[in-house]
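File shown: upload.txt. Contents: compact mmCIF, C-alpha atoms.
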# COMPACT_ATOMS: atom_id res chain seq x y z
CA MET G 17 55.23 117.79 78.30
CA LYS G 18 55.62 121.55 77.77
CA GLN G 19 58.70 120.93 75.60
CA GLN G 20 56.85 118.27 73.57
CA ILE G 21 53.95 120.65 72.94
CA HIS G 22 56.39 123.35 71.87
CA GLN G 23 58.12 120.93 69.48
CA LEU G 24 54.75 119.84 68.05
CA MET G 25 53.69 123.47 67.51
CA HIS G 26 57.07 124.19 65.92
CA SER G 27 56.72 121.23 63.54
CA ASN G 28 53.17 122.18 62.66
CA ARG G 29 54.23 125.75 61.93
CA GLN G 30 56.89 124.50 59.53
CA LEU G 31 54.36 122.20 57.86
CA ILE G 32 51.79 125.00 57.53
CA CYS G 33 54.43 127.36 56.06
CA PHE G 34 55.41 124.70 53.56
CA PHE G 35 51.84 124.11 52.39
CA ILE G 36 51.16 127.84 52.15
CA LEU G 37 54.24 128.27 49.97
CA PHE G 38 53.44 125.21 47.87
CA ASN G 39 49.84 126.28 47.27
CA SER G 40 50.91 129.85 46.54
CA MET G 41 53.35 128.59 43.93
CA ALA G 42 50.56 126.67 42.22
CA ALA G 43 48.17 129.61 42.46
CA PHE G 44 50.61 131.93 40.72
CA GLY G 45 51.47 129.42 38.03
CA GLN G 46 54.92 128.82 39.49
CA VAL G 47 55.37 125.40 37.97
CA TYR G 48 58.20 123.92 35.96
CA THR G 49 57.71 124.46 32.23
CA GLY G 50 59.39 123.72 28.90
CA PRO G 51 60.29 120.60 26.94
CA ILE G 52 63.59 119.87 28.73
CA ALA G 53 63.30 118.07 32.06
CA LYS G 54 65.17 118.93 35.25
CA PRO G 55 68.51 117.23 35.88
CA THR G 56 67.95 113.84 37.52
CA SER G 57 71.45 113.33 38.89
CA GLY G 58 74.57 115.26 39.76
CA TYR G 59 74.78 118.98 40.31
CA GLY G 60 71.50 120.77 39.69
CA SER G 61 69.36 117.75 40.52
CA GLU G 62 66.82 117.95 43.32
CA GLY G 63 68.04 117.25 46.85
CA THR G 64 66.67 114.61 49.20
CA TYR G 65 66.00 116.73 52.29
CA THR G 66 62.56 117.97 53.32
CA LEU G 67 62.14 121.73 53.42
CA ALA G 68 61.82 123.44 56.82
CA ILE G 69 61.27 127.16 57.44
CA GLU G 70 61.92 129.55 60.31
CA SER G 71 60.19 132.94 60.12
CA PHE G 72 60.84 135.80 62.54
CA THR G 73 60.47 139.56 62.85
CA ASN G 74 62.69 141.77 60.74
CA PRO G 75 63.70 144.66 63.06
CA ASN G 76 64.28 147.07 60.18
CA PHE G 77 61.21 146.06 58.15
CA PRO G 78 58.57 144.85 60.65
CA THR G 79 55.92 144.06 58.03
CA GLU G 80 58.15 141.56 56.23
CA ASN G 81 59.63 138.66 58.19
CA ILE G 82 63.11 137.28 57.76
CA ARG G 83 63.03 133.62 56.76
CA ILE G 84 65.51 130.77 56.95
CA TYR G 85 64.96 127.83 54.60
CA TYR G 86 66.86 124.76 55.71
CA PRO G 87 66.85 120.95 55.64
CA SER G 88 64.44 119.45 58.15
CA GLY G 89 65.86 117.11 60.76
CA ILE G 90 69.41 118.46 60.88
CA THR G 91 71.21 117.91 64.21
CA SER G 92 73.99 120.46 63.71
CA SER G 93 74.53 123.69 61.81
CA VAL G 94 75.01 123.55 58.03
CA PRO G 95 76.73 125.73 55.40
CA THR G 96 74.59 128.79 54.80
CA LEU G 97 73.74 131.00 51.83
CA PHE G 98 72.66 134.62 52.34
CA TYR G 99 70.38 135.88 49.59
CA SER G 100 69.88 139.57 48.66
CA HIS G 101 66.75 139.98 46.53
CA GLY G 102 66.18 142.41 43.69
CA TYR G 103 64.48 145.80 43.98
CA GLY G 104 60.85 145.31 45.00
CA GLY G 105 61.29 141.55 45.43
CA SER G 106 60.62 141.35 49.17
CA ASP G 107 58.16 138.47 48.73
CA PRO G 108 60.19 135.23 48.92
CA LEU G 109 57.81 133.62 46.45
CA HIS G 110 59.69 135.54 43.77
CA VAL G 111 62.59 133.12 44.28
CA ILE G 112 60.98 130.21 46.14
CA GLY G 113 62.34 127.80 43.53
CA LEU G 114 65.89 128.83 44.44
CA LEU G 115 65.25 128.93 48.19
CA SER G 116 63.69 125.49 48.33
CA PHE G 117 66.26 123.98 45.95
CA PHE G 118 69.24 124.76 48.15
CA ALA G 119 67.48 123.87 51.40
CA LYS G 120 66.64 120.46 49.96
CA LYS G 121 70.29 120.05 48.93
CA GLY G 122 71.35 120.32 52.59
CA TYR G 123 72.12 124.03 52.99
CA ALA G 124 70.45 126.81 54.95
CA ILE G 125 69.53 129.90 52.96
CA VAL G 126 68.56 133.21 54.60
CA PHE G 127 66.12 135.61 52.92
CA VAL G 128 66.04 139.16 54.31
CA PRO G 129 63.41 141.53 52.83
CA TYR G 130 64.38 145.19 52.63
CA GLN G 131 62.32 148.30 51.93
CA THR G 132 62.38 149.89 48.51
CA ASN G 133 60.27 153.00 49.18
CA GLY G 134 60.98 155.86 51.56
CA VAL G 135 64.45 154.69 52.54
CA SER G 136 67.97 155.35 51.35
CA ILE G 137 70.23 152.88 49.59
CA ASN G 138 72.38 152.79 52.70
CA ASP G 139 69.28 151.87 54.75
CA ARG G 140 68.73 148.86 52.49
CA TYR G 141 72.32 147.72 52.92
CA VAL G 142 72.05 148.14 56.69
CA ASN G 143 68.80 146.13 56.68
CA LEU G 144 70.37 143.28 54.73
CA THR G 145 73.50 143.14 56.88
CA ALA G 146 71.60 143.40 60.17
CA GLY G 147 69.10 140.76 59.06
CA PHE G 148 71.83 138.30 58.08
CA ARG G 149 73.61 138.88 61.39
CA LYS G 150 70.42 138.45 63.40
CA ALA G 151 69.65 135.15 61.69
CA ALA G 152 73.17 133.90 62.41
CA ARG G 153 73.08 135.10 66.00
CA ASP G 154 69.62 133.74 66.83
CA TYR G 155 69.86 130.39 65.00
CA PRO G 156 73.38 129.02 65.61
CA THR G 157 72.06 125.44 65.54
CA ILE G 158 71.05 125.97 61.89
CA ILE G 159 73.57 128.47 60.50
CA ASP G 160 77.28 127.69 60.24
CA THR G 161 78.98 131.06 59.74
CA THR G 162 82.34 129.40 59.08
CA ARG G 163 80.99 128.16 55.69
CA VAL G 164 79.00 130.81 53.83
CA GLY G 165 78.00 132.04 50.40
CA PHE G 166 76.44 135.37 49.42
CA LEU G 167 74.06 135.46 46.47
CA GLY G 168 72.13 138.38 45.05
CA HIS G 169 70.17 139.54 42.03
CA SER G 170 69.91 143.01 40.45
CA PHE G 171 69.98 145.54 43.33
CA GLY G 172 70.83 142.61 45.57
CA GLY G 173 73.55 141.53 43.16
CA GLY G 174 75.24 144.89 43.57
CA ALA G 175 74.70 144.77 47.34
CA THR G 176 76.25 141.31 47.58
CA ILE G 177 79.72 142.79 47.12
CA GLY G 178 79.64 145.31 49.99
CA VAL G 179 77.53 143.21 52.35
CA SER G 180 79.71 140.11 51.98
CA HIS G 181 82.89 142.17 52.46
CA THR G 182 81.49 143.54 55.72
CA CYS G 183 80.59 140.08 57.04
CA PHE G 184 83.91 138.57 55.91
CA THR G 185 86.11 141.31 57.42
CA GLU G 186 84.12 142.44 60.48
CA ASN G 187 82.57 139.12 61.53
CA ASN G 188 85.17 136.75 60.07
CA TRP G 189 82.46 134.69 58.43
CA GLY G 190 83.61 132.01 56.02
CA GLN G 191 86.98 131.01 57.48
CA ASN G 192 86.23 127.41 56.41
CA GLY G 193 84.80 128.34 53.00
CA ARG G 194 83.25 131.44 51.40
CA PHE G 195 81.99 132.62 48.03
CA ILE G 196 80.07 135.46 46.41
CA CYS G 197 77.69 135.09 43.49
CA PRO G 198 76.12 138.26 42.01
CA SER G 199 73.78 138.06 39.02
CA ALA G 200 72.45 140.80 36.70
CA GLN G 201 73.86 143.26 39.22
CA TRP G 202 72.96 146.91 39.69
CA TYR G 203 75.34 149.53 41.10
CA SER G 204 77.54 148.46 44.02
CA PHE G 205 77.51 150.85 46.98
CA ASN G 206 79.40 150.73 50.29
CA ILE G 207 82.47 149.21 48.65
CA THR G 208 85.54 151.29 47.83
CA GLN G 209 88.27 150.38 45.38
CA THR G 210 90.58 149.76 48.33
CA GLU G 211 88.03 147.46 49.98
CA LEU G 212 87.48 145.65 46.69
CA GLN G 213 91.18 144.82 46.82
CA THR G 214 90.97 143.40 50.36
CA PHE G 215 88.62 140.44 50.05
CA PRO G 216 90.00 137.36 51.81
CA LEU G 217 92.11 135.54 49.22
CA ASP G 218 90.26 132.27 49.79
CA THR G 219 87.00 133.84 48.51
CA LYS G 220 85.47 132.23 45.42
CA MET G 221 83.39 134.21 42.92
CA LEU G 222 80.88 133.29 40.24
CA THR G 223 79.23 136.13 38.29
CA PHE G 224 76.20 135.73 36.02
CA ILE G 225 74.92 138.09 33.34
CA TYR G 226 72.02 137.41 30.95
CA THR G 227 72.34 138.12 27.24
CA THR G 228 68.94 139.77 26.70
CA ASP G 229 68.92 141.73 29.96
CA SER G 230 68.34 145.32 28.87
CA VAL G 231 67.85 146.68 32.41
CA ASN G 232 71.30 146.64 34.03
CA ASP G 233 74.39 147.42 31.99
CA HIS G 234 76.71 144.41 31.86
CA ARG G 235 79.62 146.77 32.55
CA MET G 236 78.58 146.93 36.20
CA ALA G 237 79.34 143.23 36.52
CA THR G 238 82.46 143.27 34.36
CA GLU G 239 84.17 146.08 36.24
CA ILE G 240 83.56 144.54 39.68
CA PHE G 241 84.75 141.16 38.43
CA SER G 242 87.87 142.72 36.90
CA ASN G 243 88.75 144.90 39.91
CA ILE G 244 88.17 142.47 42.77
CA ASN G 245 91.32 140.85 44.15
CA ILE G 246 90.06 137.24 43.94
CA PRO G 247 92.57 135.10 41.96
CA SER G 248 91.53 134.16 38.42
CA ALA G 249 91.65 130.46 39.28
CA GLU G 250 88.93 131.05 41.88
CA LYS G 251 86.47 133.13 39.87
CA ASP G 252 84.53 132.81 36.60
CA PHE G 253 82.25 135.13 34.62
CA ILE G 254 79.26 133.46 32.96
CA ARG G 255 76.97 134.82 30.25
CA VAL G 256 73.73 132.88 29.82
CA VAL G 257 72.47 132.68 26.23
CA PRO G 258 68.81 132.28 25.13
CA SER G 259 67.57 129.31 23.12
CA THR G 260 64.40 128.02 21.51
CA VAL G 261 63.66 124.29 21.76
CA SER G 262 60.55 122.71 20.22
CA GLY G 263 58.93 126.13 19.99
CA TYR G 264 59.60 126.96 23.65
CA ASP G 265 61.72 130.05 24.34
CA TYR G 266 64.35 129.77 27.05
CA THR G 267 64.71 133.48 27.66
CA THR G 268 67.54 135.29 29.43
CA GLU G 269 65.84 138.49 30.51
CA HIS G 270 66.72 140.55 33.56
CA ASP G 271 64.44 138.67 35.97
CA MET G 272 66.16 135.31 35.60
CA PRO G 273 66.08 133.21 37.74
CA THR G 274 62.81 134.13 39.47
CA THR G 275 60.01 131.68 40.05
CA TYR G 276 57.46 134.29 39.00
CA ALA G 277 59.09 134.34 35.57
CA ALA G 278 59.61 131.24 33.45
CA PHE G 279 60.72 128.42 35.76
CA ASP G 280 62.47 125.92 33.53
CA ALA G 281 65.63 124.08 32.49
CA LEU G 282 67.54 127.35 32.18
CA ASP G 283 67.19 127.94 35.93
CA TYR G 284 68.35 124.44 36.77
CA TYR G 285 71.15 123.92 34.26
CA ALA G 286 72.58 127.43 33.98
CA TYR G 287 72.12 128.71 37.53
CA TYR G 288 71.26 126.11 40.20
CA ARG G 289 73.70 123.57 38.75
CA LEU G 290 76.72 125.86 38.88
CA ILE G 291 75.96 127.21 42.36
CA ASP G 292 75.29 123.68 43.61
CA ALA G 293 78.76 122.75 42.36
CA LEU G 294 80.27 125.93 43.82
CA CYS G 295 78.89 124.98 47.25
CA ASP G 296 80.43 121.52 46.97
CA TYR G 297 83.82 122.96 46.00
CA THR G 298 83.78 125.80 48.55
CA PHE G 299 82.50 123.82 51.53
CA ASN G 300 83.83 120.33 50.79
CA GLY G 301 86.87 120.93 48.59
CA SER G 302 85.39 118.90 45.71
CA LEU G 303 87.48 119.21 42.54
CA ALA G 304 84.54 117.89 40.52
CA GLY G 305 82.55 120.80 41.91
CA LYS G 306 85.26 123.24 40.88
CA ASP G 307 85.28 121.87 37.33
CA VAL G 308 81.56 122.62 36.99
CA ALA G 309 81.40 125.92 38.89
CA LEU G 310 84.82 127.45 38.15
CA GLY G 311 85.92 125.28 35.25
CA ASN G 312 87.36 128.11 33.16
CA GLY G 313 85.17 127.08 30.22
CA SER G 314 85.42 123.32 30.79
CA THR G 315 83.02 121.00 29.01
CA ASN G 316 81.34 120.14 32.31
CA GLN G 317 80.83 123.81 33.08
CA ILE G 318 79.42 125.26 29.88
CA THR G 319 77.56 122.32 28.29
CA MET G 320 73.79 122.69 28.31
CA PRO G 321 71.16 120.11 27.26
CA SER G 322 70.81 119.31 23.57
CA GLY G 323 69.19 122.15 21.67
CA MET G 324 70.13 124.81 24.22
CA ALA G 325 72.97 127.25 23.64
CA ASN G 326 76.01 126.58 25.80
CA LEU G 327 77.05 128.99 28.53
CA LEU G 328 79.77 131.51 27.67
CA GLN G 329 82.62 131.74 30.18
CA THR G 330 85.50 134.16 30.44
CA ASP G 331 88.10 135.37 32.94
CA MET G 332 88.47 138.71 31.14
CA PRO G 333 84.94 139.98 30.50
CA VAL G 334 84.28 142.96 28.27
CA ALA G 335 81.01 144.55 27.22
CA VAL G 336 79.24 143.04 24.23
CA PHE G 337 76.50 145.62 23.70
CA PRO G 338 76.52 149.43 23.70
CA GLU G 339 75.37 151.28 26.80
CA SER G 340 72.45 152.77 24.90
CA ILE G 341 70.39 149.56 25.14
CA TYR G 342 70.31 149.55 28.96
CA GLY G 343 67.95 151.26 31.37
CA PHE G 344 70.67 151.66 34.00
CA LYS G 345 74.02 152.54 32.46
CA CYS G 346 77.35 151.97 34.15
CA SER G 347 78.94 155.34 33.37
CA VAL G 348 76.23 157.62 34.81
CA LEU G 349 76.93 159.70 37.92
CA ALA G 350 74.38 157.70 39.94
CA ASN G 351 76.85 154.81 39.90
CA PRO G 352 79.33 155.31 42.77
CA ARG G 353 81.89 153.37 40.73
CA GLN G 354 81.24 155.10 37.40
CA GLU G 355 84.89 156.14 37.10
CA TYR G 356 85.76 152.46 36.60
CA CYS G 357 83.35 152.04 33.69
CA ASN G 358 84.44 152.38 30.08
CA SER G 359 81.35 153.08 27.97
CA ASN G 360 83.29 152.64 24.72
CA LEU G 361 84.46 149.12 25.50
CA THR G 362 82.77 146.58 23.24
CA LEU G 363 83.60 143.03 22.27
CA THR G 364 85.61 142.71 19.07
CA GLU G 365 84.68 140.25 16.41
CA ALA G 366 87.94 138.37 16.81
CA SER G 367 87.36 137.65 20.52
CA LEU G 368 83.84 136.27 20.23
CA ASN G 369 83.07 132.72 21.27
CA ASP G 370 82.31 130.68 18.16
CA SER G 371 79.09 129.29 19.64
CA GLN G 372 77.48 132.74 19.69
CA ILE G 373 75.71 134.81 17.04
CA PHE G 374 77.73 137.90 16.19
CA ILE G 375 75.55 140.84 15.15
CA PHE G 376 77.14 144.19 14.35
CA PRO G 377 76.22 146.90 14.88
CA ASN G 378 73.52 146.47 17.52
CA PRO G 379 71.61 148.78 17.73
CA ALA G 380 71.61 149.25 13.95
CA LEU G 381 70.54 152.10 11.66
CA SER G 382 70.36 151.11 7.99
CA SER G 383 71.98 147.66 7.94
CA PHE G 384 73.72 145.05 10.07
CA SER G 385 75.83 141.94 9.54
CA VAL G 386 75.36 138.47 11.01
CA ARG G 387 78.36 136.19 11.20
CA TYR G 388 78.96 132.60 12.26
CA PRO G 389 82.35 131.22 11.21
CA ASN G 390 82.08 127.45 11.71
CA GLN G 391 78.93 126.27 9.92
CA ASN G 392 76.58 127.33 7.15
CA PHE G 393 73.34 128.68 8.51
CA SER G 394 69.87 129.96 7.66
CA LEU G 395 68.58 133.26 8.96
CA GLU G 396 65.15 134.51 10.00
CA ILE G 397 64.16 137.90 11.41
CA LEU G 398 60.95 138.41 13.36
CA ASP G 399 59.38 141.74 14.25
CA GLY G 400 57.85 142.69 17.61
CA SER G 401 54.60 140.89 16.81
CA GLY G 402 56.41 137.65 16.00
CA SER G 403 55.87 137.92 12.24
CA LYS G 404 58.69 136.75 9.97
CA ILE G 405 59.92 139.69 7.87
CA TYR G 406 63.18 138.29 6.50
CA GLU G 407 64.48 134.86 5.54
CA LYS G 408 67.66 133.64 3.83
CA ASN G 409 69.02 130.08 3.54
CA LYS G 410 72.45 128.45 3.07
CA ILE G 411 74.57 131.37 4.23
CA THR G 412 78.30 130.82 4.40
CA GLU G 413 79.96 132.64 7.30
CA GLN G 414 78.35 136.09 6.94
CA VAL G 415 75.42 138.04 5.54
CA ILE G 416 74.62 141.77 5.49
CA VAL G 417 70.96 142.64 5.97
CA SER G 418 69.48 145.96 4.86
CA MET G 419 67.10 147.57 7.37
CA GLU G 420 66.08 150.55 5.26
CA THR G 421 62.43 149.47 5.20
CA PHE G 422 62.32 148.22 8.83
CA PRO G 423 60.53 150.48 11.33
CA LYS G 424 62.42 151.43 14.48
CA GLY G 425 62.02 148.88 17.26
CA LEU G 426 63.06 145.50 18.63
CA TYR G 427 63.60 142.45 16.41
CA LEU G 428 64.47 138.81 16.99
CA VAL G 429 67.26 137.33 14.88
CA LYS G 430 67.11 133.52 14.56
CA MET G 431 70.02 131.51 13.18
CA ILE G 432 69.51 127.84 12.30
CA LEU G 433 72.83 126.02 11.99
CA GLU G 434 73.54 123.07 9.70
CA ASN G 435 73.57 120.73 12.69
CA GLY G 436 70.05 121.81 13.64
CA ASP G 437 71.00 124.07 16.57
CA LEU G 438 68.99 127.25 16.93
CA LEU G 439 70.59 130.46 18.19
CA THR G 440 68.68 133.66 18.84
CA GLU G 441 69.60 137.25 19.61
CA LYS G 442 67.68 140.50 20.02
CA LEU G 443 68.40 143.39 17.66
CA ILE G 444 67.39 147.02 18.04
CA LYS G 445 66.83 149.38 15.09
CA GLU G 446 67.24 152.99 16.07

Write-out of the structure in structure tokens:
Amino acid sequence: MKQQIHQLMHSNRQLICFFILFNSMAAFGQVYTGPIAKPTSGYGSEGTYTLAIESFTNPNFPTENIRIYYPSGITSSVPTLFYSHGYGGSDPLHVIGLLSFFAKKGYAIVFVPYQTNGVSINDRYVNLTAGFRKAARDYPTIIDTTRVGFLGHSFGGGATIGVSHTCFTENNWGQNGRFICPSAQWYSFNITQTELQTFPLDTKMLTFIYTTDSVNDHRMATEIFSNINIPSAEKDFIRVVPSTVSGYDYTTEHDMPTTYAAFDALDYYAYYRLIDALCDYTFNGSLAGKDVALGNGSTNQITMPSGMANLLQTDMPVAVFPESIYGFKCSVLANPRQEYCNSNLTLTEASLNDSQIFIFPNPALSSFSVRYPNQNFSLEILDGSGSKIYEKNKITEQVIVSMETFPKGLYLVKMILENGDLLTEKLIKE
């Protein structure tokens, strides 16, 4: 009887946690938006499991519990993802869309809050590592440490590298499957160049950057990706491109993919879909999963829904934009790996993917050029208030736009292709 009461209380606690989270999502407007629906089948589609939650004290941050999101009713441990949140994102509601998605797909996902005030960067790394280890140690019937993935965003994206290396090499996690997946990453601490060259060779890697992210310099992601010893066949570098469909902006700012920001098709098709496939490849050996997650630019990997710009994939990433547009630059002394950054490295016109707007220079002073080699296009430029200040139709390949009369600031460049596709890019006038 005592055990039955305990089980009933445990089930009720999970149910209460679920309803609190669900109602909180609604209260904060965390609902799916935009004209393009979620995927209904395949990778990126919703799972069939019911969400369950375990919540327990975080020894290094007692006011913020560690949580495990996992599929209800499991009878043995499941592959587990360890998520490192961005700076100040200790509330799991920031990424509840992601947490619930992967739990309902059949995986456990561990969320460890860390302090952002009054502690050192090393303290945060220690908190994350200790929290992940505690979850694995205390919940072996949920967490399978032989099949693991490490995900992180912003500060957590940078931390993912060092934290995963520690768990791979010191705890031997992931001997039956392991991957790392940083996005929009900040500086990476607690990882030396030597250690970066000693990741287990069976590690997979998927890196995301976002085109209009002006917070973290893309060079932070490119240099880690280029220096890590993971074979090219087992890693891909993805740049997510913004789109506008039926007047709705699918934006690729720094905070993607957070549920507090726009929660839409971009999250599902660009992010959840690829990681869903990466899990299937890493944990089950699925070649279909590899083609989507690490497809080296395959059609199945980069294709987005009609009207949305395709993903851009590369195995040899280089910086597209100058360091001056970013809040946190790669080459500053605050970056422990600044010696591996090259602030002068920019993408050349010849190496650009043809599906992308090419604007040069950006930032601009008195003029800039817009080029698209494969189709005629029309061009519109909007100022910061959304007002159209420039328009030109039936452009063949390239146009040069004078900015002499434009005030300094941020502008939106919109290119409408002959086939009806809409591409957008931000432009700064200095």

Exercise. By how many Å are CA of Thr91 (chain G) and CA of Ala68 (chain G) apart?
Worked result: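 If I compute the distance from CA of Thr91 (chain G) to CA of Ala68 (chain G), I get 13.2 Å.
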
Exercise. Do you know which residues lie at most 7 Å from (85.2, 130.0, 55.8), with coordinates as in the file and all atoms listed in the file counted, and could you write them as number ranges by chain?
Worked result: G: 162-164, 189-194

Exercise. Just how far from CA of Pro379 (chain G) is CA of Leu443 (chain G), in Å to one decimal?
Worked result: 6.3 Å

Problem set entry | Nearest-residue call for Asn351 (chain G), choices G:Ser93, G:Asn206, G:Asn409, G:Ser385, using all atoms listed in the file |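 With all atoms listed in the file as the atom set, the closest residue is G:Asn206.
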
Exercise. Which residue out of G:Pro108, G:Gly400, G:Pro75, G:Pro247 has the minimum interatomic distance to Arg149 (chain G) when only C-alpha atoms are used?
Worked result: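 Closest residue, counting only C-alpha atoms: G:Pro75.
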
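CA of Tyr264 (chain G) lies 20.9 Å from CA of Arg289 (chain G).
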
For this session: Tell me, as a list in words, which residues lie within 9 Å of Tyr287 (chain G), counting only C-alpha atoms; anything in the same chain fewer than 3 positions away does not count.
Result: Gly60, Phe224, Val256, Pro273, Leu282, Asp283, Tyr284, Leu290, Ile291 and Asp292 of chain G

Could you save those same residues with C-alpha atoms as a PDB file, keeping the file's coordinate frame?
ATOM      1  CA  GLY G  60      71.500 120.770  39.690  1.00  0.00           C
ATOM      2  CA  PHE G 224      76.200 135.730  36.020  1.00  0.00           C
ATOM      3  CA  VAL G 256      73.730 132.880  29.820  1.00  0.00           C
ATOM      4  CA  PRO G 273      66.080 133.210  37.740  1.00  0.00           C
ATOM      5  CA  LEU G 282      67.540 127.350  32.180  1.00  0.00           C
ATOM      6  CA  ASP G 283      67.190 127.940  35.930  1.00  0.00           C
ATOM      7  CA  TYR G 284      68.350 124.440  36.770  1.00  0.00           C
ATOM      8  CA  LEU G 290      76.720 125.860  38.880  1.00  0.00           C
ATOM      9  CA  ILE G 291      75.960 127.210  42.360  1.00  0.00           C
ATOM     10  CA  ASP G 292      75.290 123.680  43.610  1.00  0.00           C
TER      11      ASP G 292
END

Problem set entry | Test item: residues at most 6 Å from region 324-336 of chain G, all atoms listed in the file, excluding those fewer than 4 positions along its chain, as a ChimeraX atom specification | /G:235,238,252-256,259,313,318-320,361-363

Selection export as a PDB file, keeping the file's coordinate frame, atoms kept: C-alpha atoms:
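Now in selection-v7.pdb:
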ATOM      1  CA  ARG G 235      79.620 146.770  32.550  1.00  0.00           C
ATOM      2  CA  THR G 238      82.460 143.270  34.360  1.00  0.00           C
ATOM      3  CA  ASP G 252      84.530 132.810  36.600  1.00  0.00           C
ATOM      4  CA  PHE G 253      82.250 135.130  34.620  1.00  0.00           C
ATOM      5  CA  ILE G 254      79.260 133.460  32.960  1.00  0.00           C
ATOM      6  CA  ARG G 255      76.970 134.820  30.250  1.00  0.00           C
ATOM      7  CA  VAL G 256      73.730 132.880  29.820  1.00  0.00           C
ATOM      8  CA  SER G 259      67.570 129.310  23.120  1.00  0.00           C
ATOM      9  CA  GLY G 313      85.170 127.080  30.220  1.00  0.00           C
ATOM     10  CA  ILE G 318      79.420 125.260  29.880  1.00  0.00           C
ATOM     11  CA  THR G 319      77.560 122.320  28.290  1.00  0.00           C
ATOM     12  CA  MET G 320      73.790 122.690  28.310  1.00  0.00           C
ATOM     13  CA  LEU G 361      84.460 149.120  25.500  1.00  0.00           C
ATOM     14  CA  THR G 362      82.770 146.580  23.240  1.00  0.00           C
ATOM     15  CA  LEU G 363      83.600 143.030  22.270  1.00  0.00           C
TER      16      LEU G 363
END

Within 9 Å of (72.2, 141.8, 43.1) in the file's own coordinates, which protein, DNA or RNA residues have an atom, counting all atoms listed in the file? List them as a PDB file with C-alpha atoms, keeping the file's coordinate frame.
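For reference, selection-v1.pdb as written:
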ATOM      1  CA  TYR G  99      70.380 135.880  49.590  1.00  0.00           C
ATOM      2  CA  SER G 100      69.880 139.570  48.660  1.00  0.00           C
ATOM      3  CA  HIS G 101      66.750 139.980  46.530  1.00  0.00           C
ATOM      4  CA  GLY G 102      66.180 142.410  43.690  1.00  0.00           C
ATOM      5  CA  TYR G 103      64.480 145.800  43.980  1.00  0.00           C
ATOM      6  CA  LEU G 167      74.060 135.460  46.470  1.00  0.00           C
ATOM      7  CA  GLY G 168      72.130 138.380  45.050  1.00  0.00           C
ATOM      8  CA  HIS G 169      70.170 139.540  42.030  1.00  0.00           C
ATOM      9  CA  SER G 170      69.910 143.010  40.450  1.00  0.00           C
ATOM     10  CA  PHE G 171      69.980 145.540  43.330  1.00  0.00           C
ATOM     11  CA  GLY G 172      70.830 142.610  45.570  1.00  0.00           C
ATOM     12  CA  GLY G 173      73.550 141.530  43.160  1.00  0.00           C
ATOM     13  CA  GLY G 174      75.240 144.890  43.570  1.00  0.00           C
ATOM     14  CA  ALA G 175      74.700 144.770  47.340  1.00  0.00           C
ATOM     15  CA  THR G 176      76.250 141.310  47.580  1.00  0.00           C
ATOM     16  CA  ILE G 177      79.720 142.790  47.120  1.00  0.00           C
ATOM     17  CA  CYS G 197      77.690 135.090  43.490  1.00  0.00           C
ATOM     18  CA  PRO G 198      76.120 138.260  42.010  1.00  0.00           C
ATOM     19  CA  SER G 199      73.780 138.060  39.020  1.00  0.00           C
ATOM     20  CA  ALA G 200      72.450 140.800  36.700  1.00  0.00           C
ATOM     21  CA  GLN G 201      73.860 143.260  39.220  1.00  0.00           C
ATOM     22  CA  TRP G 202      72.960 146.910  39.690  1.00  0.00           C
ATOM     23  CA  TYR G 203      75.340 149.530  41.100  1.00  0.00           C
ATOM     24  CA  SER G 204      77.540 148.460  44.020  1.00  0.00           C
TER      25      SER G 204
END

For this session: Quick one: everything within 10 Å of Phe344 (chain G), counting only C-alpha atoms, minus sequence neighbours fewer than 3 positions away in the same chain. Send it as a ChimeraX atom specification.
Result: /G:202-203,230-234,236,339-341,347-348,350-351

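Distance annotation: of G:Ile432, G:Pro216, G:Thr421, G:Tyr356, the residue with the minimal separation from Asn392 (chain G) is G:Ile432; atom set is only C-alpha atoms.
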